[in-house]
Amino acid sequence: MAKNKLPVFPSKTMIHKITNLLHDGMEARTTGKFEIPPALGDARWTDELILSTWHMAATGTLPENLNYKTGESNGGFDRLDFKTLDEEQWLKHSEDISTSIQLNRRGDHRKKLSPAIPIYGGGMSYGSVSVNVMMARAIHAKNWNTYMSTGEGGYPEELYECRDNVITQVATGLFGVEEKSIQASPIIEFKYAQGAKPGLGGHLLASKAGEEVAKMRGSVPFVSLFSPFPFHSTYSVEDHSKHIDWVQTINPDALISVKVSTPHDVDMVAVGSYYAGAHIIHLDGGFGGTGAAPEIAKKNIAMPIELAVPKVHKFLIKEGIRDNVTLIASGGIRTADDIAKAIALGANGVVLGTSDLVAMGCTRCSNCEGGPSGRGCPWGLTTTDIELQEWMQQDWGVKRLDNYYTALQWRLRDILRKLGLSDVNELVGRTDLLVYTRSDGK
Amino acid sequence: MQLLNKPEGSQTMIGASDKSRLTIAEFAKESRIRADSYHRYHIDTIETPDRQALPNRFLVSVGKFGLAKLLMSEVFEYWGKWDVVFARPCTYGVFSGPVGGFSPRPEKCVGCLRCTIEHPEFVTITPNPALASLGDSYLNSKIISTIDEEARKGTVPVRGQGYRGRFGGPGWDGMFTDMSEIVRPSRDGIHGRELISTIVDIGSKPMRLQFDSEGGLVSAGPKMMSIQVPFVFDSPAGSVMTPSLAKIWKAAAEQVDTLALIPGDMVTSNNLASPSVVPIISLDSSETASSFKNGTRLIQLDGWDASAYASISSSNPDLMISIRMSFETGWQGQLNEMIDAGVSVIHFVANNHGEADGDRFIMDIIIEAHEMLLKAGVRDKITLLHSGGVVAADHLPKAIICGLDAVGLDLPLLVAIQARLSGDTSSREDYKAKLPRRFDDKWACQRIVNLTGSWRDQMLEILGAMGIREVRRLRGEMGRAMWCTHLEEEAFSEIEGFIGGGI
């Protein structure tokens, strides 16, 4: 598109041409027909991890010639491996190996939610991503009996058809938070902080805060939105409890999730959240994804998820409440192997965000905040540009995510059977089944 | 204040006395004047374009034959739908020239890779080795690109997607800063209304005041000054520093309200003395200390000599004197001597990679120096500065957490004005800097001001996340830092094969 030309809704022919080129090109790269793009990937998401995710999303199977397990960050998940049994002791790969987890462990009257996999979708707001992306994730969550979070940007009308699988997020800016959407959701997620920008509040830069986005958020179009930090009504765990009471008055059946970052005292925060009434403690580590965040916040503030999960897990055990709360990890979880490692370190399950986007074509070019074009993602993912968002069609996105999760579940079961476990819940906190390696994935 | 109803229907504000009896209109006017006269410290950044652009991030290669073949086939497939035929796979303008992909514009490429995924047969995007070759192993091309952006825009770099680098790492990368989920006195970082102060004090604060039997003050009061930011502009290598650069350093320091450290002879010969300029004088020329006028508040003696210090101090009682010295082996002994001699400002230096005292990284050495001062009970009597190895915005708060009051910046300022460094860039003296062919002082000054504005705002983000309202309180706050190696010990010590964090 020539510079300064206003975007227009593309014709069917145009959508057909662009989407076909993209889909064919992705397939050509993953099948090895063409070389791996030399500019693809980084230490955390290597070129092979991105291409293997594309392969899984296209086929529902694991790739044969790509490393789909680890990155090259030289630490954390990339230095951990599994102490698998001798081959003769492996269980048979089967659907009988359970990957389902329980989200309500408090034993109260609220819903007993059991997603089929220990994974649900992390918050990505309307504005940071398109409705097509939100809907693809929501329909996929419905197909898999799991959940996805709205993020902090309101609850687009289209999502109501998947209401039983959509988590309403209440974040510090309260953008788009309505009684209606709180009443619709099985889980309400309080976002205190985000791993990619701990202590800073959400960012949506002006170029992406268009008319529709602003309307949903009750803001002025094309004005940058910086959510406050922290909740301006919360200065203590008692205030936090008041928040939970407020939401539970509106929706008495919903589970409460509390999403926090990973500071020094994250273990105390988790215990406080539990006693305030949380069903789910969601830890978001410092390597997490974002639509826009100051570069200095990424990695420098708060700790990686690999280091926070065991800290919190052990402290919850010490406090005698580990079995009463669900511990969810996110922020830098890229693969099925990462998922299993997070669970072995002490989590019950994980939240994925970036992985979903990569499955739908993201190359992690980091221009989600708008980029020099001001229009957002050229792949149609993290954008609400009326032209670009059409490059990611909803039905295609659902298929990609369904396939990707099929492969993730297959690999998760593969890990479990090689460890002699028949249920993912048996893996929780089993650091004895992990081994620390001297170099990445070796 | 209260509001009263007046008979004529207007309202009056009642204060402590009749003098403060104001109508609402008067009160509003007075409030407006008061609000308008309030000056909140702020660095005025202005977008300042590059004078010599960095090499492009990516190289774009398009096979002309492949492109022509594609166009031919699409002309037939989409005959009449020319917008479809000529749709270009780039939203950033790489193919926006008159002949599109036949003459791409790689300077616009951001590496989204859409074009090479759509057309793997004939489009290749590769990282530009010319960019990657800039800098060295410490001040690498990524840091140079970031400083360049900060100096150009004066804003906090914001990007999508998460962290892309290694887990932990050496040096400053091995430290994470803390944050607070809920309980914090400051709000919203750089976007908030509540002030987060970045003022630091240079000089000595007495630990107590002493009075005679008549109640008269007999001890000395504080001998210090304040600067608005926790960094000073340090002099680059002797072969790089020119009178022209010195003037830029001075102008930028005055604008930001910090200090510029400039060789004393250059200050004299170019008439640069000012309250914002700190002349650096050698031990050989210590007799020139009293020659700097025009409001000079602080001078720096390059090296430690107890007798020279005593002599200058006694002959210049109103002048603050700092000592500049390397973190060389045995520095602890010299530090103890300076403590005993009552030195109030100590400026340590390490090489440009932050290495000193053998192979030690400055993070550990700064902590040791800070703790020595604490142990001696003189921490507030001595200001600790350091130069060398602080080249990125995140290094600044981390260095302060380790115990510095403020940091000396030199290489980042050169990079901000687009100097290309060569030679032994790890050494403080043996590197060269090639400046842009044409630039003026105003441009260079604004680039430095922009860099400081960006770094200060990033500092505020870190402080805001922690809930700390002033940078002075960050000094030595090691409880607000998390070391990757310690956390790894805590998390992985039970795991087979783990032999220690960071190994």
# chains A, B, ... in the order shown; residues from 1 in each chain; ligands from 1
>>> residues_around(residues="stretch 86-94 of chain A", least_positions_apart="5", cutoff="10 Å", atoms="only C-alpha atoms", output="PDB file with N, CA, C and O atoms, in the first residue's frame")
ATOM      1  N   TRP A 410      -0.798 -33.807  22.476  1.00  0.00           N
ATOM      2  CA  TRP A 410      -0.115 -35.059  22.120  1.00  0.00           C
ATOM      3  C   TRP A 410       1.264 -35.102  22.782  1.00  0.00           C
ATOM      4  O   TRP A 410       1.651 -36.092  23.394  1.00  0.00           O
ATOM      5  N   ARG A 411       1.963 -34.039  22.665  1.00  0.00           N
ATOM      6  CA  ARG A 411       3.316 -33.986  23.236  1.00  0.00           C
ATOM      7  C   ARG A 411       3.270 -34.036  24.773  1.00  0.00           C
ATOM      8  O   ARG A 411       4.105 -34.683  25.406  1.00  0.00           O
ATOM      9  N   ARG A 413       1.038 -35.548  26.571  1.00  0.00           N
ATOM     10  CA  ARG A 413       0.788 -36.957  26.931  1.00  0.00           C
ATOM     11  C   ARG A 413       2.052 -37.801  26.719  1.00  0.00           C
ATOM     12  O   ARG A 413       2.330 -38.731  27.484  1.00  0.00           O
ATOM     13  N   ASP A 414       2.795 -37.455  25.683  1.00  0.00           N
ATOM     14  CA  ASP A 414       4.028 -38.166  25.384  1.00  0.00           C
ATOM     15  C   ASP A 414       5.019 -38.028  26.545  1.00  0.00           C
ATOM     16  O   ASP A 414       5.660 -39.000  26.965  1.00  0.00           O
ATOM     17  N   ILE A 415       5.132 -36.798  27.056  1.00  0.00           N
ATOM     18  CA  ILE A 415       6.037 -36.563  28.197  1.00  0.00           C
ATOM     19  C   ILE A 415       5.546 -37.345  29.413  1.00  0.00           C
ATOM     20  O   ILE A 415       6.332 -38.016  30.100  1.00  0.00           O
ATOM     21  N   LEU A 416       4.236 -37.244  29.669  1.00  0.00           N
ATOM     22  CA  LEU A 416       3.679 -37.915  30.863  1.00  0.00           C
ATOM     23  C   LEU A 416       3.922 -39.414  30.809  1.00  0.00           C
ATOM     24  O   LEU A 416       4.364 -40.033  31.792  1.00  0.00           O
ATOM     25  N   ARG A 417       3.671 -40.020  29.654  1.00  0.00           N
ATOM     26  CA  ARG A 417       3.801 -41.489  29.570  1.00  0.00           C
ATOM     27  C   ARG A 417       5.262 -41.908  29.733  1.00  0.00           C
ATOM     28  O   ARG A 417       5.555 -42.937  30.329  1.00  0.00           O
ATOM     29  N   LYS A 418       6.167 -41.086  29.264  1.00  0.00           N
ATOM     30  CA  LYS A 418       7.585 -41.427  29.399  1.00  0.00           C
ATOM     31  C   LYS A 418       8.085 -41.236  30.836  1.00  0.00           C
ATOM     32  O   LYS A 418       9.154 -41.724  31.199  1.00  0.00           O
ATOM     33  N   LEU A 419       7.290 -40.505  31.611  1.00  0.00           N
ATOM     34  CA  LEU A 419       7.613 -40.363  33.038  1.00  0.00           C
ATOM     35  C   LEU A 419       6.823 -41.367  33.879  1.00  0.00           C
ATOM     36  O   LEU A 419       6.939 -41.386  35.111  1.00  0.00           O
ATOM     37  N   GLY A 420       5.988 -42.168  33.214  1.00  0.00           N
ATOM     38  CA  GLY A 420       5.185 -43.177  33.921  1.00  0.00           C
ATOM     39  C   GLY A 420       3.968 -42.588  34.603  1.00  0.00           C
ATOM     40  O   GLY A 420       3.446 -43.171  35.555  1.00  0.00           O
ATOM     41  N   LEU A 421       3.498 -41.437  34.147  1.00  0.00           N
ATOM     42  CA  LEU A 421       2.341 -40.784  34.768  1.00  0.00           C
ATOM     43  C   LEU A 421       1.125 -40.886  33.852  1.00  0.00           C
ATOM     44  O   LEU A 421       1.249 -40.734  32.642  1.00  0.00           O
ATOM     45  N   SER A 422      -0.038 -41.100  34.453  1.00  0.00           N
ATOM     46  CA  SER A 422      -1.240 -41.226  33.637  1.00  0.00           C
ATOM     47  C   SER A 422      -2.170 -40.025  33.787  1.00  0.00           C
ATOM     48  O   SER A 422      -3.255 -40.013  33.230  1.00  0.00           O
TER      49      SER A 422
END
>>> select_by_dssp(residues="stretch 385-467 of chain B", states="helix (DSSP H, G or I)", output="ChimeraX atom specification")
/B:395-402,411-416,441-466
>>> interface_residues(of="chain B", to="chain A", cutoff="6 Å", atoms="only C-alpha atoms", output="NGL selection string")
:B and (84 or 88 or 92 or 96 or 112 or 117-118 or 126-127 or 157-167 or 176-179 or 182-183 or 188 or 465 or 491 or 495-498)
>>> select_by_dssp(residues="stretch 151-336 of chain A", states="strand (DSSP E or B)", output="JSON, numbers by chain")
{"A": [166, 167, 168, 169, 170, 171, 187, 188, 189, 190, 191, 203, 204, 225, 226, 255, 256, 257, 258, 259, 260, 280, 281, 282, 283, 284, 293, 294, 301, 326, 327, 328, 329, 330]}
>>> residues_around(residues="A:Tyr147", least_positions_apart="4", cutoff="6 Å", atoms="only C-alpha atoms", output="PDB file with N, CA, C and O atoms, in the first residue's frame")
ATOM      1  N   TYR A 120      -5.164 -22.358  29.295  1.00  0.00           N
ATOM      2  CA  TYR A 120      -6.185 -21.474  28.745  1.00  0.00           C
ATOM      3  C   TYR A 120      -5.528 -20.220  28.173  1.00  0.00           C
ATOM      4  O   TYR A 120      -4.329 -20.001  28.339  1.00  0.00           O
ATOM      5  N   GLY A 121      -6.328 -19.439  27.480  1.00  0.00           N
ATOM      6  CA  GLY A 121      -5.781 -18.328  26.713  1.00  0.00           C
ATOM      7  C   GLY A 121      -5.644 -17.054  27.537  1.00  0.00           C
ATOM      8  O   GLY A 121      -6.567 -16.652  28.243  1.00  0.00           O
ATOM      9  N   ALA A 141     -11.434 -22.008  22.188  1.00  0.00           N
ATOM     10  CA  ALA A 141     -11.576 -22.349  23.611  1.00  0.00           C
ATOM     11  C   ALA A 141     -12.844 -23.179  23.835  1.00  0.00           C
ATOM     12  O   ALA A 141     -12.852 -24.142  24.610  1.00  0.00           O
ATOM     13  N   ASN A 165     -16.990 -19.704  27.730  1.00  0.00           N
ATOM     14  CA  ASN A 165     -15.546 -19.971  27.617  1.00  0.00           C
ATOM     15  C   ASN A 165     -14.718 -18.695  27.606  1.00  0.00           C
ATOM     16  O   ASN A 165     -13.542 -18.722  27.273  1.00  0.00           O
ATOM     17  N   VAL A 166     -15.365 -17.608  27.958  1.00  0.00           N
ATOM     18  CA  VAL A 166     -14.656 -16.326  27.930  1.00  0.00           C
ATOM     19  C   VAL A 166     -14.507 -15.782  29.356  1.00  0.00           C
ATOM     20  O   VAL A 166     -15.482 -15.682  30.094  1.00  0.00           O
TER      21      VAL A 166
END
>>> residues_around(residues="stretch 43-49 of chain B", least_positions_apart="2", cutoff="10 Å", atoms="only C-alpha atoms", output="ChimeraX atom specification")
/B:40-41,51-53,148-155,228,255-257,443-444,446-454,456-457
>>> residues_around(residues="B:Gly358", least_positions_apart="3", cutoff="8 Å", atoms="only C-alpha atoms", output="list in words")
Glu328, Thr329 and Glu355 of chain B
>>> closest_residue(among="B:Leu70, B:Met363, B:Leu460, B:Val391", to="B:Glu194", atoms="only C-alpha atoms")
B:Leu460
>>> residues_around(residues="B:Ser61", least_positions_apart="4", cutoff="7 Å", atoms="only C-alpha atoms", output="ChimeraX atom specification")
/B:123-125
>>> closest_residue(among="B:Ile196, B:Cys115, B:Ala87, B:Ala416", to="B:Glu461", atoms="only C-alpha atoms")
B:Ile196
>>> closest_residue(among="B:Ala308, B:Ala68, B:Leu385, B:Leu134", to="B:Gln418", atoms="only C-alpha atoms")
B:Leu134
>>> closest_residue(among="B:Pro279, B:Leu474, B:His42, B:Ser37", to="B:Leu195", atoms="only C-alpha atoms")
B:His42
>>> decode(residues="stretch 102-166 of chain A", atoms="C-alpha atoms", output="PDB file, in the first residue's frame")
ATOM      1  CA  GLN A 102      -9.725 -28.597  38.156  1.00  0.00           C
ATOM      2  CA  LEU A 103      -9.866 -24.819  38.490  1.00  0.00           C
ATOM      3  CA  ASN A 104     -12.018 -24.555  41.624  1.00  0.00           C
ATOM      4  CA  ARG A 105     -10.208 -26.193  44.516  1.00  0.00           C
ATOM      5  CA  ARG A 106     -11.695 -24.109  47.294  1.00  0.00           C
ATOM      6  CA  GLY A 107     -14.593 -26.518  47.791  1.00  0.00           C
ATOM      7  CA  ASP A 108     -17.153 -23.719  47.694  1.00  0.00           C
ATOM      8  CA  HIS A 109     -20.477 -23.649  45.896  1.00  0.00           C
ATOM      9  CA  ARG A 110     -19.128 -22.093  42.732  1.00  0.00           C
ATOM     10  CA  LYS A 111     -18.709 -23.789  39.390  1.00  0.00           C
ATOM     11  CA  LYS A 112     -16.452 -26.811  39.104  1.00  0.00           C
ATOM     12  CA  LEU A 113     -14.633 -25.908  35.934  1.00  0.00           C
ATOM     13  CA  SER A 114     -12.400 -28.572  34.408  1.00  0.00           C
ATOM     14  CA  PRO A 115     -10.753 -27.635  31.122  1.00  0.00           C
ATOM     15  CA  ALA A 116      -9.707 -30.613  29.016  1.00  0.00           C
ATOM     16  CA  ILE A 117      -6.150 -29.378  28.926  1.00  0.00           C
ATOM     17  CA  PRO A 118      -4.056 -27.558  31.521  1.00  0.00           C
ATOM     18  CA  ILE A 119      -4.011 -24.491  29.302  1.00  0.00           C
ATOM     19  CA  TYR A 120      -6.185 -21.474  28.745  1.00  0.00           C
ATOM     20  CA  GLY A 121      -5.781 -18.328  26.713  1.00  0.00           C
ATOM     21  CA  GLY A 122      -4.229 -15.198  28.186  1.00  0.00           C
ATOM     22  CA  GLY A 123      -5.723 -11.727  28.037  1.00  0.00           C
ATOM     23  CA  MET A 124      -5.381  -9.854  24.770  1.00  0.00           C
ATOM     24  CA  SER A 125      -7.635  -6.856  24.588  1.00  0.00           C
ATOM     25  CA  TYR A 126      -9.834  -5.610  21.812  1.00  0.00           C
ATOM     26  CA  GLY A 127      -7.614  -2.901  20.416  1.00  0.00           C
ATOM     27  CA  SER A 128      -4.428  -4.791  20.988  1.00  0.00           C
ATOM     28  CA  VAL A 129      -5.803  -7.545  18.723  1.00  0.00           C
ATOM     29  CA  SER A 130      -8.642  -7.675  16.219  1.00  0.00           C
ATOM     30  CA  VAL A 131     -12.082  -9.136  16.793  1.00  0.00           C
ATOM     31  CA  ASN A 132     -11.129 -11.874  14.340  1.00  0.00           C
ATOM     32  CA  VAL A 133      -8.317 -12.936  16.631  1.00  0.00           C
ATOM     33  CA  MET A 134     -10.486 -12.713  19.726  1.00  0.00           C
ATOM     34  CA  MET A 135     -13.216 -14.769  18.098  1.00  0.00           C
ATOM     35  CA  ALA A 136     -10.802 -17.367  16.781  1.00  0.00           C
ATOM     36  CA  ARG A 137      -9.432 -17.820  20.297  1.00  0.00           C
ATOM     37  CA  ALA A 138     -12.910 -17.888  21.844  1.00  0.00           C
ATOM     38  CA  ILE A 139     -14.315 -20.474  19.417  1.00  0.00           C
ATOM     39  CA  HIS A 140     -11.179 -22.540  19.821  1.00  0.00           C
ATOM     40  CA  ALA A 141     -11.576 -22.349  23.611  1.00  0.00           C
ATOM     41  CA  LYS A 142     -15.152 -23.537  23.225  1.00  0.00           C
ATOM     42  CA  ASN A 143     -14.038 -26.443  21.021  1.00  0.00           C
ATOM     43  CA  TRP A 144     -11.517 -27.469  23.652  1.00  0.00           C
ATOM     44  CA  ASN A 145     -13.669 -26.860  26.717  1.00  0.00           C
ATOM     45  CA  THR A 146     -11.198 -24.305  27.983  1.00  0.00           C
ATOM     46  CA  TYR A 147     -11.110 -20.516  28.305  1.00  0.00           C
ATOM     47  CA  MET A 148      -9.663 -17.319  26.928  1.00  0.00           C
ATOM     48  CA  SER A 149      -9.459 -13.918  28.557  1.00  0.00           C
ATOM     49  CA  THR A 150     -10.804 -10.672  27.135  1.00  0.00           C
ATOM     50  CA  GLY A 151      -7.837  -8.646  28.316  1.00  0.00           C
ATOM     51  CA  GLU A 152      -8.444  -5.066  29.329  1.00  0.00           C
ATOM     52  CA  GLY A 153     -10.473  -3.563  26.552  1.00  0.00           C
ATOM     53  CA  GLY A 154     -14.061  -4.607  26.968  1.00  0.00           C
ATOM     54  CA  TYR A 155     -16.185  -7.470  25.790  1.00  0.00           C
ATOM     55  CA  PRO A 156     -17.101  -7.226  22.091  1.00  0.00           C
ATOM     56  CA  GLU A 157     -20.671  -8.277  21.373  1.00  0.00           C
ATOM     57  CA  GLU A 158     -19.530 -11.154  19.157  1.00  0.00           C
ATOM     58  CA  LEU A 159     -17.917 -12.900  22.121  1.00  0.00           C
ATOM     59  CA  TYR A 160     -21.252 -13.563  23.821  1.00  0.00           C
ATOM     60  CA  GLU A 161     -21.807 -16.619  21.619  1.00  0.00           C
ATOM     61  CA  CYS A 162     -18.840 -18.147  23.470  1.00  0.00           C
ATOM     62  CA  ARG A 163     -19.688 -16.672  26.849  1.00  0.00           C
ATOM     63  CA  ASP A 164     -19.163 -19.911  28.757  1.00  0.00           C
ATOM     64  CA  ASN A 165     -15.546 -19.971  27.617  1.00  0.00           C
ATOM     65  CA  VAL A 166     -14.656 -16.326  27.930  1.00  0.00           C
TER      66      VAL A 166
END
